[in-house]
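The block underneath contains the structure these notes are about, expressed in structure tokens.
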Amino acid sequence: MTKENFIAMIKTDFGNSLLSVDLWNNEDQVSLISINSNSEFYTIFMQTKNFLEKKLFEIGFPPINDFMIVNLEMDTLFLLIKLDKNYSLGCLLDKSKIAISTLTRILVPKILKEFNNN
């Protein structure tokens with residue numbers, strides 16, 4: 001599956017809850033493909049994730065597993081998915097149009113499976 005097809009699948013699966021999406025390289029934090037992207041926003045969240053993982057390691061806690069969700073104001077969620085060691089996916093979502101259980105039980109597992117099968 002190409003990066004374009006992968007993002008198209010996400011757009012279809014998330015429907016009108018998807019406000020923006022960005023697929024980026026973890027090493028240099030460069031966006032590879034996006035829809036309605038705000039590069040500063042995604043850079044801040046990547047830096048926050050990296051800081052959080054470093055601090056968790058320092059105090060002996062396990063690292064972030066496959067994903068994290070940040071509940072923002074204005075009915076907005078930020079979903080960060082660690083696709084593998086090289087790539088991450090960030091999605092800004094309208095919380096009023098998607099259930100968190102749908103994210104965690106259906107969509108995140110599907111995204112991980114599709115990405116890692118290709």
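Following the order of the structure tokens, chains are lettered A, B, ..., residues in each are numbered from 1, and ligands are numbered from 1.
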(request) Step one, run DSSP on the backbone; step two, keep only residues of chain A assigned to helix (DSSP H, G or I); then write them as a ChimeraX atom specification. (result) /A:3-17,39-58,95-97,100-116
The selected residues should be written to file as a PDB file, in the first residue's frame (atoms: C-alpha atoms).
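result-v6.pdb written:
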```pdb
ATOM      1  CA  LYS A   3       1.563   6.263   1.527  1.00  0.00           C
ATOM      2  CA  GLU A   4      -1.159   7.970  -0.475  1.00  0.00           C
ATOM      3  CA  ASN A   5      -3.442   4.921  -0.293  1.00  0.00           C
ATOM      4  CA  PHE A   6      -2.710   4.551   3.420  1.00  0.00           C
ATOM      5  CA  ILE A   7      -3.772   8.155   4.090  1.00  0.00           C
ATOM      6  CA  ALA A   8      -6.831   7.701   1.835  1.00  0.00           C
ATOM      7  CA  MET A   9      -7.832   4.649   3.901  1.00  0.00           C
ATOM      8  CA  ILE A  10      -7.532   6.702   7.093  1.00  0.00           C
ATOM      9  CA  LYS A  11      -9.597   9.512   5.581  1.00  0.00           C
ATOM     10  CA  THR A  12     -12.312   7.013   4.649  1.00  0.00           C
ATOM     11  CA  ASP A  13     -12.266   5.194   8.011  1.00  0.00           C
ATOM     12  CA  PHE A  14     -12.376   8.348  10.127  1.00  0.00           C
ATOM     13  CA  GLY A  15     -14.938  10.072   7.917  1.00  0.00           C
ATOM     14  CA  ASN A  16     -15.999  13.563   8.903  1.00  0.00           C
ATOM     15  CA  SER A  17     -14.334  13.262  12.319  1.00  0.00           C
ATOM     16  CA  SER A  39       3.510  21.219  10.810  1.00  0.00           C
ATOM     17  CA  GLU A  40       4.140  23.259  13.981  1.00  0.00           C
ATOM     18  CA  PHE A  41       1.319  21.453  15.775  1.00  0.00           C
ATOM     19  CA  TYR A  42       2.627  18.007  14.837  1.00  0.00           C
ATOM     20  CA  THR A  43       6.216  18.965  15.665  1.00  0.00           C
ATOM     21  CA  ILE A  44       5.129  20.067  19.154  1.00  0.00           C
ATOM     22  CA  PHE A  45       3.355  16.750  19.744  1.00  0.00           C
ATOM     23  CA  MET A  46       6.325  14.732  18.503  1.00  0.00           C
ATOM     24  CA  GLN A  47       8.591  16.675  20.847  1.00  0.00           C
ATOM     25  CA  THR A  48       6.108  16.163  23.690  1.00  0.00           C
ATOM     26  CA  LYS A  49       5.968  12.412  23.009  1.00  0.00           C
ATOM     27  CA  ASN A  50       9.764  12.189  22.914  1.00  0.00           C
ATOM     28  CA  PHE A  51      10.064  14.175  26.165  1.00  0.00           C
ATOM     29  CA  LEU A  52       7.415  12.045  27.869  1.00  0.00           C
ATOM     30  CA  GLU A  53       9.071   8.788  26.792  1.00  0.00           C
ATOM     31  CA  LYS A  54      12.463  10.020  28.017  1.00  0.00           C
ATOM     32  CA  LYS A  55      11.046  11.006  31.417  1.00  0.00           C
ATOM     33  CA  LEU A  56       9.097   7.756  31.753  1.00  0.00           C
ATOM     34  CA  PHE A  57      12.316   5.826  31.060  1.00  0.00           C
ATOM     35  CA  GLU A  58      14.239   7.901  33.629  1.00  0.00           C
ATOM     36  CA  LYS A  95     -14.479  14.357  19.288  1.00  0.00           C
ATOM     37  CA  SER A  96     -18.198  14.937  18.784  1.00  0.00           C
ATOM     38  CA  LYS A  97     -18.096  12.750  15.646  1.00  0.00           C
ATOM     39  CA  ILE A 100     -13.021   6.821  21.775  1.00  0.00           C
ATOM     40  CA  SER A 101     -13.923   3.137  21.958  1.00  0.00           C
ATOM     41  CA  THR A 102     -14.101   3.081  18.147  1.00  0.00           C
ATOM     42  CA  LEU A 103     -10.613   4.583  18.028  1.00  0.00           C
ATOM     43  CA  THR A 104      -9.032   2.221  20.520  1.00  0.00           C
ATOM     44  CA  ARG A 105     -10.811  -1.022  19.629  1.00  0.00           C
ATOM     45  CA  ILE A 106     -11.285  -0.762  15.881  1.00  0.00           C
ATOM     46  CA  LEU A 107      -9.423   2.019  14.090  1.00  0.00           C
ATOM     47  CA  VAL A 108      -6.014   2.011  15.807  1.00  0.00           C
ATOM     48  CA  PRO A 109      -5.635  -1.789  15.496  1.00  0.00           C
ATOM     49  CA  LYS A 110      -6.698  -1.610  11.825  1.00  0.00           C
ATOM     50  CA  ILE A 111      -4.218   1.189  11.088  1.00  0.00           C
ATOM     51  CA  LEU A 112      -1.366  -0.705  12.747  1.00  0.00           C
ATOM     52  CA  LYS A 113      -2.255  -3.916  10.935  1.00  0.00           C
ATOM     53  CA  GLU A 114      -2.508  -2.238   7.527  1.00  0.00           C
ATOM     54  CA  PHE A 115       0.735  -0.313   7.965  1.00  0.00           C
ATOM     55  CA  ASN A 116       2.714  -3.302   9.184  1.00  0.00           C
TER      56      ASN A 116
END
```
(message) Would you compute the distance between atom CA of Lys85 of chain A and atom CA of Glu27 of chain A? Give it in Å to one decimal.
(response)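 Computed distance, atom CA of Lys85 of chain A to atom CA of Glu27 of chain A, equals 8.9 Å.
Nearest-residue note for Leu19 of chain A: choosing from A:Ile59, A:Asn71, A:Ser37, A:Leu32, the minimum distance belongs to A:Ser37, counting only C-alpha atoms.
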(request) With a distance cut-off of 10 Å and only C-alpha atoms, select the neighbouring residues of Asn86 of chain A, excluding the residue or stretch itself and same-chain residues fewer than 4 positions from it, and output the selection as a PyMOL selection string. (result) chain A and resi 24-29+82
Write a file of the selected residues as a compact mmCIF listing (two decimals), in the first residue's frame, keeping N, CA and C atoms.
```txt
# COMPACT_ATOMS: atom_id res chain seq x y z
N TRP A 24 4.64 10.99 9.40
CA TRP A 24 5.99 11.54 9.37
C TRP A 24 7.05 10.54 9.78
N ASN A 25 8.27 10.91 9.38
CA ASN A 25 9.46 10.14 9.70
C ASN A 25 9.90 10.53 11.10
N ASN A 26 10.09 9.55 11.98
CA ASN A 26 10.46 9.84 13.36
C ASN A 26 11.86 10.41 13.50
N GLU A 27 12.78 9.97 12.65
CA GLU A 27 14.18 10.38 12.81
C GLU A 27 14.36 11.88 12.61
N ASP A 28 13.86 12.39 11.50
CA ASP A 28 14.05 13.82 11.23
C ASP A 28 12.78 14.63 11.43
N GLN A 29 11.70 13.98 11.83
CA GLN A 29 10.41 14.61 12.10
C GLN A 29 9.90 15.42 10.90
N LYS A 82 2.25 5.30 17.02
CA LYS A 82 3.60 4.87 16.66
C LYS A 82 3.45 3.67 15.73
```
(request) Extract, using only C-alpha atoms, all DNA, RNA and protein residues at most 6 Å from segment 75-77 of chain A, discarding same-chain residues fewer than 3 positions from it, and format them as a list of chain:residue names. (result)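 Non-adjacent residues within range: A:Val70, A:Asn71, A:Leu72, A:Leu92, A:Leu93, A:Asp94, A:Lys95.
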(message) I need the strand (DSSP E or B) residues of chain A per DSSP on the backbone, written as a PyMOL selection string.
(response) chain A and resi 18-25+30-35+67-72+76-82+87-94
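Using only C-alpha atoms, the nearest neighbour of Asp66 of chain A within the list A:Leu89, A:Phe78, A:Ile35, A:Val30 is A:Leu89.
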(message) What's the separation between atom CA of Leu23 of chain A and atom CA of Cys91 of chain A, in Å to one decimal place?
(response) 8.9 Å
